[in-house]
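Source file: input-v5.cif (mmCIF, C-alpha atoms)
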data_structure
#
loop_
_atom_site.label_atom_id
_atom_site.label_comp_id
_atom_site.auth_asym_id
_atom_site.auth_seq_id
_atom_site.Cartn_x
_atom_site.Cartn_y
_atom_site.Cartn_z
CA MET K 218 60.16 22.57 57.49
CA ARG K 219 62.91 24.41 55.63
CA ILE K 220 62.41 27.85 54.17
CA SER K 221 62.12 26.31 50.69
CA ASP K 222 59.30 24.07 51.93
CA LEU K 223 57.62 27.06 53.55
CA SER K 224 57.86 28.93 50.26
CA ARG K 225 56.41 26.03 48.30
CA GLN K 226 53.48 25.57 50.69
CA THR K 227 52.53 29.25 50.83
CA GLY K 228 53.47 30.40 47.33
CA VAL K 229 55.57 33.19 48.83
CA PRO K 230 59.05 33.51 47.26
CA VAL K 231 62.03 32.71 49.48
CA ALA K 232 63.39 36.22 48.99
CA THR K 233 60.11 37.70 50.25
CA ILE K 234 60.09 35.39 53.28
CA LYS K 235 63.63 36.51 54.13
CA PHE K 236 62.51 40.14 53.80
CA TYR K 237 59.61 39.52 56.19
CA LEU K 238 62.03 37.89 58.64
CA ARG K 239 64.39 40.88 58.49
CA GLU K 240 61.49 43.30 58.95
CA GLY K 241 60.11 41.42 61.95
CA LEU K 242 56.86 40.49 60.21
CA LEU K 243 57.73 36.83 60.75
CA PRO K 244 59.20 35.40 63.96
CA PRO K 245 62.63 33.78 63.56
CA GLY K 246 62.75 30.10 62.79
CA ARG K 247 64.40 27.52 65.05
CA PRO K 248 68.14 27.50 64.22
CA THR K 249 69.43 24.11 63.11
CA ALA K 250 72.78 25.05 61.59
CA ARG K 251 74.67 28.09 60.38
CA ASN K 252 72.35 30.11 58.12
CA GLN K 253 69.68 27.42 58.41
CA ALA K 254 66.45 27.23 60.42
CA GLN K 255 63.29 25.21 60.73
CA TYR K 256 59.83 26.73 60.34
CA ASP K 257 56.43 25.46 61.42
CA GLU K 258 52.66 26.01 61.20
CA VAL K 259 52.95 29.36 63.00
CA HIS K 260 55.10 30.69 60.16
CA ARG K 261 52.87 29.19 57.48
CA ARG K 262 49.77 30.80 58.98
CA ARG K 263 51.50 34.14 59.50
CA LEU K 264 52.64 34.19 55.86
CA SER K 265 49.12 33.38 54.67
CA MET K 266 47.78 36.19 56.84
CA ILE K 267 50.27 38.73 55.49
CA ARG K 268 49.56 37.70 51.92
CA THR K 269 45.79 37.91 52.41
CA LEU K 270 45.87 41.30 54.14
CA THR K 271 48.12 42.87 51.51
CA SER K 272 46.32 41.37 48.49
CA LEU K 273 42.61 40.95 49.20
CA GLY K 274 42.63 43.40 52.09
CA GLN K 275 44.77 45.88 50.12
CA LEU K 276 46.53 47.02 53.29
CA GLU K 277 49.92 48.61 53.19
CA LEU K 278 52.72 46.51 54.64
CA SER K 279 53.31 49.08 57.38
CA ALA K 280 49.67 48.72 58.48
CA VAL K 281 49.99 44.92 58.48
CA ARG K 282 53.11 45.19 60.62
CA GLU K 283 51.28 47.33 63.19
CA LEU K 284 48.34 44.93 63.30
CA LEU K 285 50.61 41.92 63.79
CA ARG K 286 52.50 43.62 66.60
CA ALA K 287 49.23 44.60 68.25
CA LEU K 288 47.93 41.03 68.02
CA GLU K 289 51.04 39.81 69.85
CA ASP K 290 50.49 42.35 72.62
CA GLU K 291 48.31 40.61 75.21
CA GLY K 292 47.68 43.98 76.84
CA ARG K 293 45.68 45.13 73.83
CA CYS K 294 41.95 44.58 74.23
CA LEU K 295 39.76 43.58 71.30
CA PRO K 296 38.13 47.04 70.93
CA GLU K 297 41.61 48.53 70.46
CA LEU K 298 42.40 45.98 67.78
CA PHE K 299 39.20 46.70 65.87
CA THR K 300 39.98 50.42 66.08
CA MET K 301 43.34 49.65 64.50
CA VAL K 302 41.55 47.78 61.71
CA SER K 303 39.50 50.90 61.03
CA ARG K 304 42.67 52.98 60.97
CA ALA K 305 44.24 50.50 58.55
CA LEU K 306 41.79 51.41 55.78
CA PRO K 307 43.46 52.70 52.61
CA PRO K 308 44.71 56.15 53.62
CA VAL K 309 42.99 59.34 52.54
CA ASP K 310 44.46 62.80 52.44
CA THR K 311 42.32 64.44 55.09
CA ALA K 312 43.97 67.80 54.45
CA LYS K 313 43.05 67.72 50.77
CA ASP K 314 39.98 69.78 49.91
CA GLN K 315 39.42 70.38 53.62
CA ALA K 316 37.50 73.57 52.93
CA GLU K 317 35.29 71.73 50.47
CA THR K 318 34.51 68.92 52.90
CA SER K 319 34.04 71.02 56.05
CA THR K 320 30.27 71.15 55.52
CA GLU K 321 30.14 67.43 54.80
CA GLN K 322 32.18 66.70 57.93
CA ALA K 323 29.55 68.45 60.01
CA ARG K 324 26.80 66.52 58.21
CA VAL K 325 28.60 63.24 58.79
CA THR K 326 29.00 64.04 62.50
CA ALA K 327 25.29 64.80 62.79
CA PHE K 328 24.49 61.63 60.87
CA ILE K 329 26.64 59.47 63.16
CA ASP K 330 25.07 61.09 66.22
CA SER K 331 21.59 60.40 64.87
CA LEU K 332 22.50 56.72 64.55
CA GLY K 333 23.69 56.68 68.16
CA TRP K 334 27.07 55.39 67.09
CA LYS K 335 30.19 55.90 69.18
CA VAL K 336 32.94 56.66 66.65
CA GLU K 337 36.21 58.42 67.44
CA PRO K 338 36.43 61.98 66.00
CA ASP K 339 39.62 61.14 64.11
CA ALA K 340 38.33 57.89 62.59
CA SER K 341 39.45 57.70 58.96
CA ALA K 342 36.03 56.37 57.94
CA ARG K 343 34.54 59.76 58.88
CA ALA K 344 36.91 61.50 56.48
CA ILE K 345 36.19 58.96 53.75
CA LEU K 346 32.42 59.46 54.01
CA SER K 347 32.86 63.24 54.05
CA GLN K 348 34.96 63.12 50.88
CA VAL K 349 32.43 60.81 49.23
CA LEU K 350 29.62 63.27 49.95
CA ALA K 351 31.69 66.20 48.67
CA ALA K 352 32.58 64.32 45.47
CA MET K 353 28.97 63.29 44.87
CA ASP K 354 27.80 66.88 45.26
CA ARG K 355 30.54 68.11 42.96
CA LEU K 356 29.55 65.58 40.29
CA ASN K 357 25.81 66.24 40.71
CA CYS K 358 25.06 62.69 41.79
CA GLY K 359 24.53 63.34 45.49
CA GLN K 360 21.40 62.43 47.42
CA GLY K 361 22.42 63.75 50.82
CA VAL K 362 23.82 61.85 53.75
CA GLU K 363 20.31 60.63 54.66
CA PHE K 364 20.46 58.43 51.56
CA PHE K 365 22.96 56.25 53.41
CA GLU K 366 20.78 55.56 56.44
CA PRO K 367 19.58 52.12 55.22
CA TYR K 368 23.18 51.25 54.38
CA ALA K 369 24.27 52.26 57.88
CA LYS K 370 21.57 50.14 59.51
CA ALA K 371 22.48 47.15 57.35
CA ALA K 372 26.16 47.67 58.19
CA GLU K 373 25.35 47.65 61.90
CA GLN K 374 23.45 44.39 61.53
CA HIS K 375 26.33 42.83 59.60
CA ALA K 376 28.88 43.97 62.19
CA SER K 377 26.70 42.62 64.99
CA ARG K 378 26.50 39.26 63.21
CA GLU K 379 30.29 39.06 63.04
CA LEU K 380 30.79 40.08 66.66
CA ASP K 381 28.24 37.52 67.83
CA LEU K 382 30.79 34.89 66.82
CA LEU K 383 33.09 36.18 69.55
CA GLY K 384 30.64 36.22 72.42
CA LYS K 385 30.68 39.03 74.98
CA ARG K 386 34.26 38.62 76.16
CA ASP K 387 37.49 38.65 74.19
CA GLU K 388 39.30 36.25 76.53
CA GLY K 389 40.09 32.98 74.83
CA CYS K 390 38.91 34.02 71.37
CA ASP K 391 41.11 33.73 68.31
CA ARG K 392 41.93 37.42 67.99
CA ALA K 393 43.87 37.01 64.76
CA SER K 394 40.95 35.24 63.08
CA ALA K 395 38.55 37.93 64.31
CA ILE K 396 40.67 40.73 62.85
CA VAL K 397 41.26 39.00 59.52
CA ARG K 398 37.57 38.15 59.26
CA ALA K 399 36.60 41.79 59.84
CA ILE K 400 38.82 42.89 56.96
CA LEU K 401 37.78 40.11 54.58
CA VAL K 402 34.05 40.50 55.27
CA ASP K 403 34.45 44.16 54.31
CA VAL K 404 35.91 43.03 50.98
CA ALA K 405 33.17 40.44 50.56
CA ASN K 406 30.45 43.04 51.20
CA THR K 407 31.81 45.16 48.37
CA ALA K 408 31.88 42.15 46.05
CA LEU K 409 28.32 41.15 46.96
CA ARG K 410 26.98 44.66 46.37
CA ARG K 411 28.65 44.79 42.96
CA MET K 412 27.11 41.46 41.97
CA ALA K 413 23.67 42.50 43.27
CA TYR K 414 23.95 45.74 41.30
CA GLU K 415 24.87 43.86 38.11
CA HIS K 416 22.01 41.41 38.65
CA LEU K 417 19.41 44.16 39.15
CA VAL K 418 20.68 46.28 36.26
CA ASN K 419 20.38 43.28 33.94
CA GLN K 420 16.97 42.44 35.37
CA ARG K 421 15.54 45.95 35.10
CA PHE K 422 17.10 47.22 31.90
CA ALA K 423 17.76 44.13 29.79
CA GLY K 424 14.58 44.75 27.83
CA GLY K 425 15.44 48.36 27.06
CA PRO K 426 16.56 49.82 23.72
CA SER K 427 20.07 48.44 24.13
CA GLY K 428 18.99 45.13 25.58
CA GLY K 429 18.86 43.30 22.25
#
Would you mind writing the file out in structure tokens?
Amino acid sequence: MRISDLSRQTGVPVATIKFYLREGLLPPGRPTARNQAQYDEVHRRRLSMIRTLTSLGQLELSAVRELLRALEDEGRCLPELFTMVSRALPPVDTAKDQAETSTEQARVTAFIDSLGWKVEPDASARAILSQVLAAMDRLNCGQGVEFFEPYAKAAEQHASRELDLLGKRDEGCDRASAIVRAILVDVANTALRRMAYEHLVNQRFAGGPSGG
């Protein structure tokens, strides 16, 4: 298909596709004439992946580029790729309020150890949880890190359910689908919790003074 057909099928403007080609996010098309090339299903799927990761996944384009390059590297094992997904979370300024979060960092480390989880010391999720605890304490809405234990256990069950789809070996599995699914399930979990919260708030408080 021509680049105009690729644009029409994916909803991505031609100018954006050309930008992705220049930046190496898309592989070159098959040249057919001067300044013309043919594109195929590989390009269509790659464009859909980029669009999904930057919109729903809210990843920066630089993070998407790194993930795509890693997926093309056959020497990368699946655990490395999932570590990259964790690192691709929206960035946090780990230096900001470091003194304020130092206590929370220690609490988070103890919490992770109590769960028996193996998480790298520099994992961005550690910093995020530490900053969440510090902010909750500062705003007088904190319940301590122990409050999150049921959430952690549920998260482990959910992660296990996803990984069960891959089996015990990463050979032969669709690594791109596994990575995209991990990111999108994270988004879906947030959406489900918000809907559950709205449902329960309406159920529990609808008959209150402001319930009408």
I'd like the box whose edges run along x, y and z of the file and which contains every listed atom of range 239-254 of chain K, padded by 3 Å per side; could you state its centre and edge lengths in Å, one decimal, as lines of an AutoDock Vina configuration file?
center_x = 65.8
center_y = 33.7
center_z = 61.6
size_x = 23.8
size_y = 25.2
size_z = 12.9
Which residues match the PyMOL selection byres ((chain K and resi 235) around 12) in the file above, as number ranges by chain?
K: 220-221, 223-224, 229-234, 236-246, 252-254, 260, 264
Report, in Å to a single decimal, how far apart CA of Leu383 in chain K and CA of Ala395 in chain K are.
7.8 Å
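If you count all atoms listed in the file and ignore residues fewer than 2 places along the chain from range 343-349 of chain K, what sits within 7 Å of it is Val309, Thr311, Thr318, Glu321, Gln322, Val325, Ala340, Ser341, Ala351, Ala352 and Met353 of chain K.
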List the residues matched by the PyMOL selection byres ((chain K and resi 304) around 12) in the displayed structure as a PDB file with C-alpha atoms, in the frame of the given file, ordered by chain and then by residue number.
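Dumped to out.pdb:
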ATOM      1  CA  LEU K 276      46.530  47.020  53.290  1.00  0.00           C
ATOM      2  CA  GLU K 277      49.920  48.610  53.190  1.00  0.00           C
ATOM      3  CA  SER K 279      53.310  49.080  57.380  1.00  0.00           C
ATOM      4  CA  ALA K 280      49.670  48.720  58.480  1.00  0.00           C
ATOM      5  CA  VAL K 281      49.990  44.920  58.480  1.00  0.00           C
ATOM      6  CA  GLU K 283      51.280  47.330  63.190  1.00  0.00           C
ATOM      7  CA  LEU K 284      48.340  44.930  63.300  1.00  0.00           C
ATOM      8  CA  GLU K 297      41.610  48.530  70.460  1.00  0.00           C
ATOM      9  CA  LEU K 298      42.400  45.980  67.780  1.00  0.00           C
ATOM     10  CA  PHE K 299      39.200  46.700  65.870  1.00  0.00           C
ATOM     11  CA  THR K 300      39.980  50.420  66.080  1.00  0.00           C
ATOM     12  CA  MET K 301      43.340  49.650  64.500  1.00  0.00           C
ATOM     13  CA  VAL K 302      41.550  47.780  61.710  1.00  0.00           C
ATOM     14  CA  SER K 303      39.500  50.900  61.030  1.00  0.00           C
ATOM     15  CA  ALA K 305      44.240  50.500  58.550  1.00  0.00           C
ATOM     16  CA  LEU K 306      41.790  51.410  55.780  1.00  0.00           C
ATOM     17  CA  PRO K 307      43.460  52.700  52.610  1.00  0.00           C
ATOM     18  CA  PRO K 308      44.710  56.150  53.620  1.00  0.00           C
ATOM     19  CA  VAL K 309      42.990  59.340  52.540  1.00  0.00           C
ATOM     20  CA  VAL K 336      32.940  56.660  66.650  1.00  0.00           C
ATOM     21  CA  GLU K 337      36.210  58.420  67.440  1.00  0.00           C
ATOM     22  CA  ASP K 339      39.620  61.140  64.110  1.00  0.00           C
ATOM     23  CA  ALA K 340      38.330  57.890  62.590  1.00  0.00           C
ATOM     24  CA  SER K 341      39.450  57.700  58.960  1.00  0.00           C
ATOM     25  CA  ALA K 342      36.030  56.370  57.940  1.00  0.00           C
ATOM     26  CA  ARG K 343      34.540  59.760  58.880  1.00  0.00           C
ATOM     27  CA  ALA K 344      36.910  61.500  56.480  1.00  0.00           C
ATOM     28  CA  ILE K 345      36.190  58.960  53.750  1.00  0.00           C
ATOM     29  CA  ILE K 400      38.820  42.890  56.960  1.00  0.00           C
TER      30      ILE K 400
END
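When CA of Arg268 in chain K is paired with CA of Ala408 in chain K, their separation reads 19.2 Å.
Counting all atoms listed in the file, the residue from K:Leu295, K:Leu350, K:Ala287, K:Ala423 that sits nearest to Leu380 in chain K is K:Leu295.
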Quick one: of K:Gln226, K:Leu401, K:His375, K:Glu289, who's nearest to Thr271 in chain K, counting only C-alpha atoms?
K:Leu401
The distance between CA of Gly384 in chain K and CA of Ala399 in chain K is 15.0 Å
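Between Glu363 in chain K and the residues K:Arg421, K:Arg282, K:Lys335, K:Arg324, the shortest atom-to-atom distance, using only C-alpha atoms, involves K:Arg324.
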